[in-house]
Amino acid sequence: MDKLIILDDVFDAATIRAFTAFDYSEAERWYDMGVSPLHERILEIGRSYFDLDRVVGYEMWQNRSNPDRHIDKNETLYREQGKLELPQCSAVYYASVENMVGGEFYTDTMRCFPRTNRLLLFSPGIPHGVSPFVGTRFSISINPWTKKI
């Protein structure tokens, strides 16, 4: 059964500041478990909804744009071999949202508006995207994996 969980007011103000102060660089990056206890707090919340016991690490990136409809997957494996390999779940955390028009996270069946300190957790394989927007949205995406990709 597919799940999409929306949680509001998940972290305190100091933790939100720590998320926004972190250097995410421009590209998606791999993090072994234990490297970033701050971000692993998101995965700790995710453990209540998904089996993350065997996770060895995660991809993480800051969303600076509005990705078109897609499925989170092992992009290299898909590009090179056409095989679909999925993370244990996906997480999107909105650390800061200001003066937004548009920018809804969407799936085939629902829309969710961005909101500061909101966490979205969803099952692997759910097609999703973000509608065009104006305003400021500081969001982080995390995909946990049971093997390093």
# chains A, B, ... in the order shown; residues from 1 in each chain; ligands from 1

$ residues_around --residues "segment 77-93 of chain A" --least-positions-apart "3" --cutoff "6 Å" --atoms "only C-alpha atoms" --output "ChimeraX atom specification"
/A:73-74,118-124,139-145

$ residues_around --residues "Ser96 of chain A" --least-positions-apart "4" --cutoff "9 Å" --atoms "only C-alpha atoms" --output "ChimeraX atom specification"
/A:16,20,114-118,136-139

$ select_by_dssp --residues "chain A" --states "strand (DSSP E or B)" --output "PyMOL selection string"
chain A and resi 4-8+29-32+57-63+70+90-102+105-107+111-112+118-122+128-130+133-145

$ atom_distance --atom1 "atom CA of Ile42 of chain A" --atom2 "atom CA of Tyr58 of chain A"
11.2 Å

$ closest_residue --among "A:Val55, A:Ala13, A:Met100, A:Ile6" --to "Ser131 of chain A" --atoms "only C-alpha atoms"
A:Met100

$ atom_distance --atom1 "atom CA of Glu59 of chain A" --atom2 "atom CA of Ile149 of chain A"
8.6 Å

$ closest_residue --among "A:Val130, A:Val35, A:Ala95, A:Leu43" --to "Asp68 of chain A" --atoms "only C-alpha atoms"
A:Val130

$ select_by_dssp --residues "segment 53-147 of chain A" --states "helix (DSSP H, G or I)" --output "list in words"
Glu75, Thr76, Leu77, Tyr78, Arg79, Glu80 and Gln81 of chain A

$ closest_residue --among "A:Asp32, A:Glu98, A:Asp51, A:Glu75" --to "Phe133 of chain A" --atoms "only C-alpha atoms"
A:Glu98

$ closest_residue --among "A:Glu40, A:Asp53, A:Asp9, A:Asp72" --to "Pro127 of chain A" --atoms "only C-alpha atoms"
A:Asp72

$ residues_around --residues "segment 105-107 of chain A" --least-positions-apart "2" --cutoff "7 Å" --atoms "only C-alpha atoms" --output "NGL selection string"
:A and (103 or 109-113 or 127-131)

$ closest_residue --among "A:Arg17, A:Arg69, A:Lys148, A:Arg29" --to "Pro132 of chain A" --atoms "only C-alpha atoms"
A:Arg69

$ closest_residue --among "A:Val134, A:Met33, A:Leu4, A:Ile126" --to "His70 of chain A" --atoms "only C-alpha atoms"
A:Ile126

$ decode --residues "segment 3-149 of chain A" --atoms "C-alpha atoms" --output "PDB file, in the first residue's frame"
ATOM      1  CA  LYS A   3       1.778   5.910   1.815  1.00  0.00           C
ATOM      2  CA  LEU A   4       2.149   9.667   1.779  1.00  0.00           C
ATOM      3  CA  ILE A   5       2.585  11.170   5.243  1.00  0.00           C
ATOM      4  CA  ILE A   6       2.435  14.925   5.895  1.00  0.00           C
ATOM      5  CA  LEU A   7       3.814  16.115   9.240  1.00  0.00           C
ATOM      6  CA  ASP A   8       3.829  19.731  10.394  1.00  0.00           C
ATOM      7  CA  ASP A   9       5.921  21.534  13.023  1.00  0.00           C
ATOM      8  CA  VAL A  10       8.439  18.716  13.207  1.00  0.00           C
ATOM      9  CA  PHE A  11      11.542  20.580  14.467  1.00  0.00           C
ATOM     10  CA  ASP A  12      12.352  23.462  16.813  1.00  0.00           C
ATOM     11  CA  ALA A  13      13.694  26.834  15.597  1.00  0.00           C
ATOM     12  CA  ALA A  14      17.361  25.972  16.280  1.00  0.00           C
ATOM     13  CA  THR A  15      17.100  22.794  14.220  1.00  0.00           C
ATOM     14  CA  ILE A  16      15.438  24.644  11.352  1.00  0.00           C
ATOM     15  CA  ARG A  17      18.316  27.169  11.380  1.00  0.00           C
ATOM     16  CA  ALA A  18      20.820  24.294  11.297  1.00  0.00           C
ATOM     17  CA  PHE A  19      19.104  22.816   8.224  1.00  0.00           C
ATOM     18  CA  THR A  20      19.230  26.124   6.359  1.00  0.00           C
ATOM     19  CA  ALA A  21      22.871  26.817   7.372  1.00  0.00           C
ATOM     20  CA  PHE A  22      24.142  23.437   6.102  1.00  0.00           C
ATOM     21  CA  ASP A  23      26.191  23.470   2.860  1.00  0.00           C
ATOM     22  CA  TYR A  24      24.258  21.283   0.416  1.00  0.00           C
ATOM     23  CA  SER A  25      26.458  22.165  -2.577  1.00  0.00           C
ATOM     24  CA  GLU A  26      24.896  22.209  -6.016  1.00  0.00           C
ATOM     25  CA  ALA A  27      24.555  18.487  -6.601  1.00  0.00           C
ATOM     26  CA  GLU A  28      22.949  15.448  -5.078  1.00  0.00           C
ATOM     27  CA  ARG A  29      25.359  13.775  -2.658  1.00  0.00           C
ATOM     28  CA  TRP A  30      25.707  10.440  -0.878  1.00  0.00           C
ATOM     29  CA  TYR A  31      25.949  10.343   2.934  1.00  0.00           C
ATOM     30  CA  ASP A  32      26.828   7.234   4.925  1.00  0.00           C
ATOM     31  CA  MET A  33      24.755   6.752   8.072  1.00  0.00           C
ATOM     32  CA  GLY A  34      26.354   8.585  10.988  1.00  0.00           C
ATOM     33  CA  VAL A  35      27.834  11.378   8.881  1.00  0.00           C
ATOM     34  CA  SER A  36      25.057  13.938   9.441  1.00  0.00           C
ATOM     35  CA  PRO A  37      23.083  13.373  12.664  1.00  0.00           C
ATOM     36  CA  LEU A  38      21.077  16.525  11.852  1.00  0.00           C
ATOM     37  CA  HIS A  39      19.631  15.080   8.645  1.00  0.00           C
ATOM     38  CA  GLU A  40      19.297  11.616  10.103  1.00  0.00           C
ATOM     39  CA  ARG A  41      16.656  13.078  12.417  1.00  0.00           C
ATOM     40  CA  ILE A  42      14.423  13.055   9.332  1.00  0.00           C
ATOM     41  CA  LEU A  43      15.130   9.353   8.866  1.00  0.00           C
ATOM     42  CA  GLU A  44      14.400   8.708  12.552  1.00  0.00           C
ATOM     43  CA  ILE A  45      10.934  10.158  12.007  1.00  0.00           C
ATOM     44  CA  GLY A  46      10.622   8.068   8.846  1.00  0.00           C
ATOM     45  CA  ARG A  47      11.279   4.860  10.836  1.00  0.00           C
ATOM     46  CA  SER A  48       7.806   5.235  12.324  1.00  0.00           C
ATOM     47  CA  TYR A  49       6.296   4.760   8.850  1.00  0.00           C
ATOM     48  CA  PHE A  50       8.831   2.759   6.782  1.00  0.00           C
ATOM     49  CA  ASP A  51      11.309  -0.083   7.335  1.00  0.00           C
ATOM     50  CA  LEU A  52      14.624   1.758   7.519  1.00  0.00           C
ATOM     51  CA  ASP A  53      16.484  -0.733   9.740  1.00  0.00           C
ATOM     52  CA  ARG A  54      18.906  -1.848   7.017  1.00  0.00           C
ATOM     53  CA  VAL A  55      19.638   1.620   5.600  1.00  0.00           C
ATOM     54  CA  VAL A  56      23.385   2.204   5.128  1.00  0.00           C
ATOM     55  CA  GLY A  57      23.176   5.745   3.764  1.00  0.00           C
ATOM     56  CA  TYR A  58      21.167   8.243   1.779  1.00  0.00           C
ATOM     57  CA  GLU A  59      21.216  10.614  -1.119  1.00  0.00           C
ATOM     58  CA  MET A  60      20.458  14.194  -0.134  1.00  0.00           C
ATOM     59  CA  TRP A  61      20.091  17.435  -2.018  1.00  0.00           C
ATOM     60  CA  GLN A  62      18.504  20.852  -1.725  1.00  0.00           C
ATOM     61  CA  ASN A  63      15.655  21.465  -4.162  1.00  0.00           C
ATOM     62  CA  ARG A  64      16.328  24.752  -5.893  1.00  0.00           C
ATOM     63  CA  SER A  65      13.843  24.318  -8.727  1.00  0.00           C
ATOM     64  CA  ASN A  66      10.594  22.590  -9.556  1.00  0.00           C
ATOM     65  CA  PRO A  67      11.334  19.071 -10.788  1.00  0.00           C
ATOM     66  CA  ASP A  68       8.905  17.708 -13.338  1.00  0.00           C
ATOM     67  CA  ARG A  69       6.959  14.523 -12.675  1.00  0.00           C
ATOM     68  CA  HIS A  70       9.373  11.667 -11.907  1.00  0.00           C
ATOM     69  CA  ILE A  71      10.024   8.640  -9.696  1.00  0.00           C
ATOM     70  CA  ASP A  72      12.928   8.687  -7.236  1.00  0.00           C
ATOM     71  CA  LYS A  73      15.293   5.929  -8.326  1.00  0.00           C
ATOM     72  CA  ASN A  74      18.907   4.905  -8.817  1.00  0.00           C
ATOM     73  CA  GLU A  75      19.485   7.267 -11.738  1.00  0.00           C
ATOM     74  CA  THR A  76      22.797   5.703 -12.825  1.00  0.00           C
ATOM     75  CA  LEU A  77      21.387   2.164 -12.979  1.00  0.00           C
ATOM     76  CA  TYR A  78      18.316   3.406 -14.868  1.00  0.00           C
ATOM     77  CA  ARG A  79      20.365   5.439 -17.348  1.00  0.00           C
ATOM     78  CA  GLU A  80      22.958   2.691 -17.989  1.00  0.00           C
ATOM     79  CA  GLN A  81      20.818  -0.478 -17.831  1.00  0.00           C
ATOM     80  CA  GLY A  82      17.192   0.647 -17.903  1.00  0.00           C
ATOM     81  CA  LYS A  83      16.587  -1.049 -14.530  1.00  0.00           C
ATOM     82  CA  LEU A  84      14.339   0.546 -11.924  1.00  0.00           C
ATOM     83  CA  GLU A  85      15.795   0.379  -8.391  1.00  0.00           C
ATOM     84  CA  LEU A  86      13.983   2.373  -5.696  1.00  0.00           C
ATOM     85  CA  PRO A  87      14.982   3.823  -2.310  1.00  0.00           C
ATOM     86  CA  GLN A  88      13.295   2.624   0.903  1.00  0.00           C
ATOM     87  CA  CYS A  89      11.145   5.779   0.863  1.00  0.00           C
ATOM     88  CA  SER A  90      11.493   9.443  -0.027  1.00  0.00           C
ATOM     89  CA  ALA A  91      11.449  12.495   2.222  1.00  0.00           C
ATOM     90  CA  VAL A  92      10.998  16.182   1.463  1.00  0.00           C
ATOM     91  CA  TYR A  93      11.537  18.659   4.300  1.00  0.00           C
ATOM     92  CA  TYR A  94      10.521  22.313   3.897  1.00  0.00           C
ATOM     93  CA  ALA A  95      12.852  24.228   6.214  1.00  0.00           C
ATOM     94  CA  SER A  96      11.647  27.633   5.022  1.00  0.00           C
ATOM     95  CA  VAL A  97       8.819  28.820   2.773  1.00  0.00           C
ATOM     96  CA  GLU A  98       8.137  32.522   2.181  1.00  0.00           C
ATOM     97  CA  ASN A  99       5.872  34.440  -0.196  1.00  0.00           C
ATOM     98  CA  MET A 100       5.094  31.341  -2.230  1.00  0.00           C
ATOM     99  CA  VAL A 101       2.718  31.247  -5.142  1.00  0.00           C
ATOM    100  CA  GLY A 102       2.496  27.745  -6.593  1.00  0.00           C
ATOM    101  CA  GLY A 103       5.177  25.209  -5.740  1.00  0.00           C
ATOM    102  CA  GLU A 104       2.781  22.431  -4.760  1.00  0.00           C
ATOM    103  CA  PHE A 105       4.192  18.950  -4.371  1.00  0.00           C
ATOM    104  CA  TYR A 106       1.933  16.685  -6.417  1.00  0.00           C
ATOM    105  CA  THR A 107       1.278  13.041  -7.177  1.00  0.00           C
ATOM    106  CA  ASP A 108      -1.304  11.506  -9.507  1.00  0.00           C
ATOM    107  CA  THR A 109      -3.920  11.725  -6.746  1.00  0.00           C
ATOM    108  CA  MET A 110      -3.101  14.705  -4.508  1.00  0.00           C
ATOM    109  CA  ARG A 111      -1.459  18.095  -4.037  1.00  0.00           C
ATOM    110  CA  CYS A 112       0.363  19.355  -0.964  1.00  0.00           C
ATOM    111  CA  PHE A 113       1.275  23.004  -0.480  1.00  0.00           C
ATOM    112  CA  PRO A 114       4.737  23.818   0.877  1.00  0.00           C
ATOM    113  CA  ARG A 115       4.833  25.112   4.431  1.00  0.00           C
ATOM    114  CA  THR A 116       7.749  25.969   6.723  1.00  0.00           C
ATOM    115  CA  ASN A 117       8.719  23.050   8.980  1.00  0.00           C
ATOM    116  CA  ARG A 118       6.642  20.512   7.029  1.00  0.00           C
ATOM    117  CA  LEU A 119       7.924  17.002   6.330  1.00  0.00           C
ATOM    118  CA  LEU A 120       6.582  14.775   3.547  1.00  0.00           C
ATOM    119  CA  LEU A 121       7.382  11.062   3.623  1.00  0.00           C
ATOM    120  CA  PHE A 122       6.229   8.783   0.838  1.00  0.00           C
ATOM    121  CA  SER A 123       6.479   5.257  -0.477  1.00  0.00           C
ATOM    122  CA  PRO A 124       8.972   4.302  -3.170  1.00  0.00           C
ATOM    123  CA  GLY A 125       7.736   4.329  -6.742  1.00  0.00           C
ATOM    124  CA  ILE A 126       5.181   7.147  -6.406  1.00  0.00           C
ATOM    125  CA  PRO A 127       5.377   9.486  -9.427  1.00  0.00           C
ATOM    126  CA  HIS A 128       5.610  13.059  -8.134  1.00  0.00           C
ATOM    127  CA  GLY A 129       6.764  16.562  -8.996  1.00  0.00           C
ATOM    128  CA  VAL A 130       6.579  20.221  -8.027  1.00  0.00           C
ATOM    129  CA  SER A 131       4.486  22.829  -9.819  1.00  0.00           C
ATOM    130  CA  PRO A 132       6.120  26.079 -10.992  1.00  0.00           C
ATOM    131  CA  PHE A 133       6.405  28.744  -8.309  1.00  0.00           C
ATOM    132  CA  VAL A 134       7.562  32.189  -7.345  1.00  0.00           C
ATOM    133  CA  GLY A 135       8.772  33.006  -3.859  1.00  0.00           C
ATOM    134  CA  THR A 136      11.308  31.395  -1.584  1.00  0.00           C
ATOM    135  CA  ARG A 137      11.324  27.691  -0.827  1.00  0.00           C
ATOM    136  CA  PHE A 138      14.209  26.012   1.009  1.00  0.00           C
ATOM    137  CA  SER A 139      13.536  22.295   0.814  1.00  0.00           C
ATOM    138  CA  ILE A 140      15.688  19.218   1.262  1.00  0.00           C
ATOM    139  CA  SER A 141      15.131  15.801  -0.307  1.00  0.00           C
ATOM    140  CA  ILE A 142      16.443  12.553   1.150  1.00  0.00           C
ATOM    141  CA  ASN A 143      16.343   9.048  -0.321  1.00  0.00           C
ATOM    142  CA  PRO A 144      17.557   6.301   2.065  1.00  0.00           C
ATOM    143  CA  TRP A 145      19.099   3.129   0.593  1.00  0.00           C
ATOM    144  CA  THR A 146      19.995  -0.324   1.934  1.00  0.00           C
ATOM    145  CA  LYS A 147      23.159  -0.331  -0.215  1.00  0.00           C
ATOM    146  CA  LYS A 148      25.500   2.392  -1.405  1.00  0.00           C
ATOM    147  CA  ILE A 149      24.561   3.601  -4.857  1.00  0.00           C
TER     148      ILE A 149
END
